[in-house]
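See structure below.
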Amino acid sequence: MTPIVLIPARMAATRLPGKPLADIEGVPMIVRVLRQAQAAGIGPVAVAAGDPEIVAAVEAAGGRAVLTDPDLPSGSDRILRALEVLDPQGHHDVVINLQGDIPFVAPQVVADCADLLAKEPGCDISTIVVADSDIAERSNPDIPKAVLAMAPDGRRGRALYFTRSTLYGDGPVWLHHGVYGYRREALVRFTAAPPSPLEQRERLEQLRALELGMTIWAAVIDAAPISVDNPADLERARGHARAMTEGLR
């Protein structure tokens with residue numbers, strides 16, 4: 001496989017406008033994500049930016065960015081447009097979609113998405129999950145859950161469904177996080193299709209892929225990445241960055 005990592009980002013955000021350029025201990029958030037992706041070492045990395053300010057920040061940090069239409073409906077559409085600019089010849093057959101609001105994502109998580117596509121030839125799309133750590137998470141509609149048919153090793157599973165509903169019973173509940181690996185043809189097919197009925201009902205776009213008959217596998221990771229969605233999350237991320245800096249002293 002020849003993966004490429006693309007990070008969609010745009011300035012318009014309802015709960016935290018200008019989020020990609022939010023300062024986290026002197027480093028814009030999008031640059032922190034870029035550096036984590038580069039550290040994975042699985043292939044070239046670029047930002048699919050919806051705004052010139054993001055392009056400028058990425059290039060100032062020595063990274064590569066592609067300016068895309070800010071009105072594109074989703075991050076998946078944004079990375080496809082960037083891919084067409086960066087790789088019109090189709091050299092890269094796997095695309096990792098890494099969200100631009102997880103500034104401390106472990107490089108191994110990025111590698112895990114690529115590895116899963118290599119290990120499971122029938123997998124169209126890969127993603128990540130983590131076991132719930134609090135019973136309240138099982139009933140929180142803001143946290144998507146993955147229903148998986150687990151492999152014997154317990155470290156990966158084929159997705160049967162994704163939901164915001166409460167899941168019951170013994171065993172872990174797998175909380176889904178939006179890092180995706182696409183085979184290139186799967187990304188093209190996915191973005192060409194309209195939103196599906198289940199996708200609209202649950203407000204989870206990965207259900208479109210399942211309704212199209214695609215296969216999604218999820219890798220189990222040990223800790224959820226910090227996601228920045230609102231001002232409180234941003235302060236938590238800044239505190240985490242300070243703690244990391246102090247730990248290196």
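Letters for chains follow the order of the structure tokens (A, B, ...), residue numbers begin at 1 for each chain, and ligand numbers begin at 1 in the order shown.
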Identify, on the basis of only C-alpha atoms, every residue whose closest approach to stretch 42-56 of chain A does not exceed 9 Å; exclude the query and any residue fewer than 3 positions from it along the same chain; express the result as a ChimeraX atom specification. /A:2-12,20-21,30,34,37-39,59-61,63-72,75,78-83,86,100,110-111,114
Mind the document's chain letters and residue numbers, and return as a ChimeraX atom specification the residues of stretch 94-249 of chain A that DSSP labels strand (DSSP E). /A:94-97,125-131,145-150,156-163,174-183,216-220
Within 12 Å of stretch 181-205 of chain A: each stretch 92-170 of chain A residue with its shortest pair, only C-alpha atoms, as JSON lines:
{"residue": "A:His92", "atom": "CA", "partner": "A:Arg184", "partner_atom": "CA", "distance": 7.6}
{"residue": "A:Asp93", "atom": "CA", "partner": "A:Arg184", "partner_atom": "CA", "distance": 5.1}
{"residue": "A:Val94", "atom": "CA", "partner": "A:Arg183", "partner_atom": "CA", "distance": 4.6}
{"residue": "A:Val95", "atom": "CA", "partner": "A:Tyr182", "partner_atom": "CA", "distance": 5.1}
{"residue": "A:Ile96", "atom": "CA", "partner": "A:Gly181", "partner_atom": "CA", "distance": 4.3}
{"residue": "A:Asn97", "atom": "CA", "partner": "A:Gly181", "partner_atom": "CA", "distance": 6.1}
{"residue": "A:Leu98", "atom": "CA", "partner": "A:Gly181", "partner_atom": "CA", "distance": 8.6}
{"residue": "A:Gln99", "atom": "CA", "partner": "A:Gly181", "partner_atom": "CA", "distance": 11.6}
{"residue": "A:Val109", "atom": "CA", "partner": "A:Gly181", "partner_atom": "CA", "distance": 10.7}
{"residue": "A:Val110", "atom": "CA", "partner": "A:Gly181", "partner_atom": "CA", "distance": 8.5}
{"residue": "A:Ala111", "atom": "CA", "partner": "A:Gly181", "partner_atom": "CA", "distance": 9.6}
{"residue": "A:Asp112", "atom": "CA", "partner": "A:Gly181", "partner_atom": "CA", "distance": 9.1}
{"residue": "A:Cys113", "atom": "CA", "partner": "A:Gly181", "partner_atom": "CA", "distance": 5.4}
{"residue": "A:Ala114", "atom": "CA", "partner": "A:Gly181", "partner_atom": "CA", "distance": 6.2}
{"residue": "A:Asp115", "atom": "CA", "partner": "A:Gly181", "partner_atom": "CA", "distance": 9.4}
{"residue": "A:Leu116", "atom": "CA", "partner": "A:Gly181", "partner_atom": "CA", "distance": 8.5}
{"residue": "A:Leu117", "atom": "CA", "partner": "A:Gly181", "partner_atom": "CA", "distance": 7.5}
{"residue": "A:Ala118", "atom": "CA", "partner": "A:Arg183", "partner_atom": "CA", "distance": 10.2}
{"residue": "A:Glu120", "atom": "CA", "partner": "A:Arg183", "partner_atom": "CA", "distance": 11.6}
{"residue": "A:Pro121", "atom": "CA", "partner": "A:Arg183", "partner_atom": "CA", "distance": 10.3}
{"residue": "A:Gly122", "atom": "CA", "partner": "A:Arg183", "partner_atom": "CA", "distance": 10.4}
{"residue": "A:Cys123", "atom": "CA", "partner": "A:Arg183", "partner_atom": "CA", "distance": 8.3}
{"residue": "A:Asp124", "atom": "CA", "partner": "A:Arg183", "partner_atom": "CA", "distance": 5.7}
{"residue": "A:Ile125", "atom": "CA", "partner": "A:Tyr182", "partner_atom": "CA", "distance": 4.7}
{"residue": "A:Ser126", "atom": "CA", "partner": "A:Gly181", "partner_atom": "CA", "distance": 4.8}
{"residue": "A:Thr127", "atom": "CA", "partner": "A:Gly181", "partner_atom": "CA", "distance": 6.3}
{"residue": "A:Ile128", "atom": "CA", "partner": "A:Gly181", "partner_atom": "CA", "distance": 9.5}
{"residue": "A:Pro141", "atom": "CA", "partner": "A:Glu202", "partner_atom": "CA", "distance": 9.6}
{"residue": "A:Asp142", "atom": "CA", "partner": "A:Arg203", "partner_atom": "CA", "distance": 10.3}
{"residue": "A:Ile143", "atom": "CA", "partner": "A:Leu204", "partner_atom": "CA", "distance": 10.7}
{"residue": "A:Pro144", "atom": "CA", "partner": "A:Leu204", "partner_atom": "CA", "distance": 7.9}
{"residue": "A:Lys145", "atom": "CA", "partner": "A:Leu204", "partner_atom": "CA", "distance": 10.2}
{"residue": "A:Ala146", "atom": "CA", "partner": "A:Leu204", "partner_atom": "CA", "distance": 10.9}
{"residue": "A:Tyr161", "atom": "CA", "partner": "A:Leu198", "partner_atom": "CA", "distance": 10.0}
{"residue": "A:Phe162", "atom": "CA", "partner": "A:Leu204", "partner_atom": "CA", "distance": 7.5}
{"residue": "A:Thr163", "atom": "CA", "partner": "A:Glu202", "partner_atom": "CA", "distance": 6.4}
{"residue": "A:Arg164", "atom": "CA", "partner": "A:Glu202", "partner_atom": "CA", "distance": 6.6}
{"residue": "A:Ser165", "atom": "CA", "partner": "A:Glu202", "partner_atom": "CA", "distance": 8.7}
Per DSSP on the backbone, filter stretch 10-246 of chain A down to the residues in helix (DSSP H, G or I) and report them as JSON, numbers by chain. {"A": [19, 20, 21, 29, 30, 31, 32, 33, 34, 35, 36, 37, 38, 39, 40, 52, 53, 54, 55, 56, 57, 58, 59, 60, 75, 76, 77, 78, 79, 80, 81, 82, 83, 84, 85, 86, 107, 108, 109, 110, 111, 112, 113, 114, 115, 116, 117, 118, 119, 135, 136, 137, 138, 139, 184, 185, 186, 187, 188, 189, 190, 191, 192, 197, 198, 199, 200, 201, 202, 206, 207, 208, 209, 210, 211, 231, 232, 233, 234, 235, 236, 237, 238, 239, 240, 241, 242, 243, 244, 245, 246]}
Counting only C-alpha atoms, what is within 12 Å of A:Pro225, bar same-chain residues fewer than 3 positions away, as a ChimeraX atom specification? /A:33,36,98-110,128-130,175-179,221-222,228,233,237,240
Which residue gives the smallest distance to A:Arg236 among A:Leu212, A:Ile135, A:Ile24, A:Arg15, with only C-alpha atoms counted?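 Looking at the shortest contact to A:Arg236, the residue is A:Ile24.
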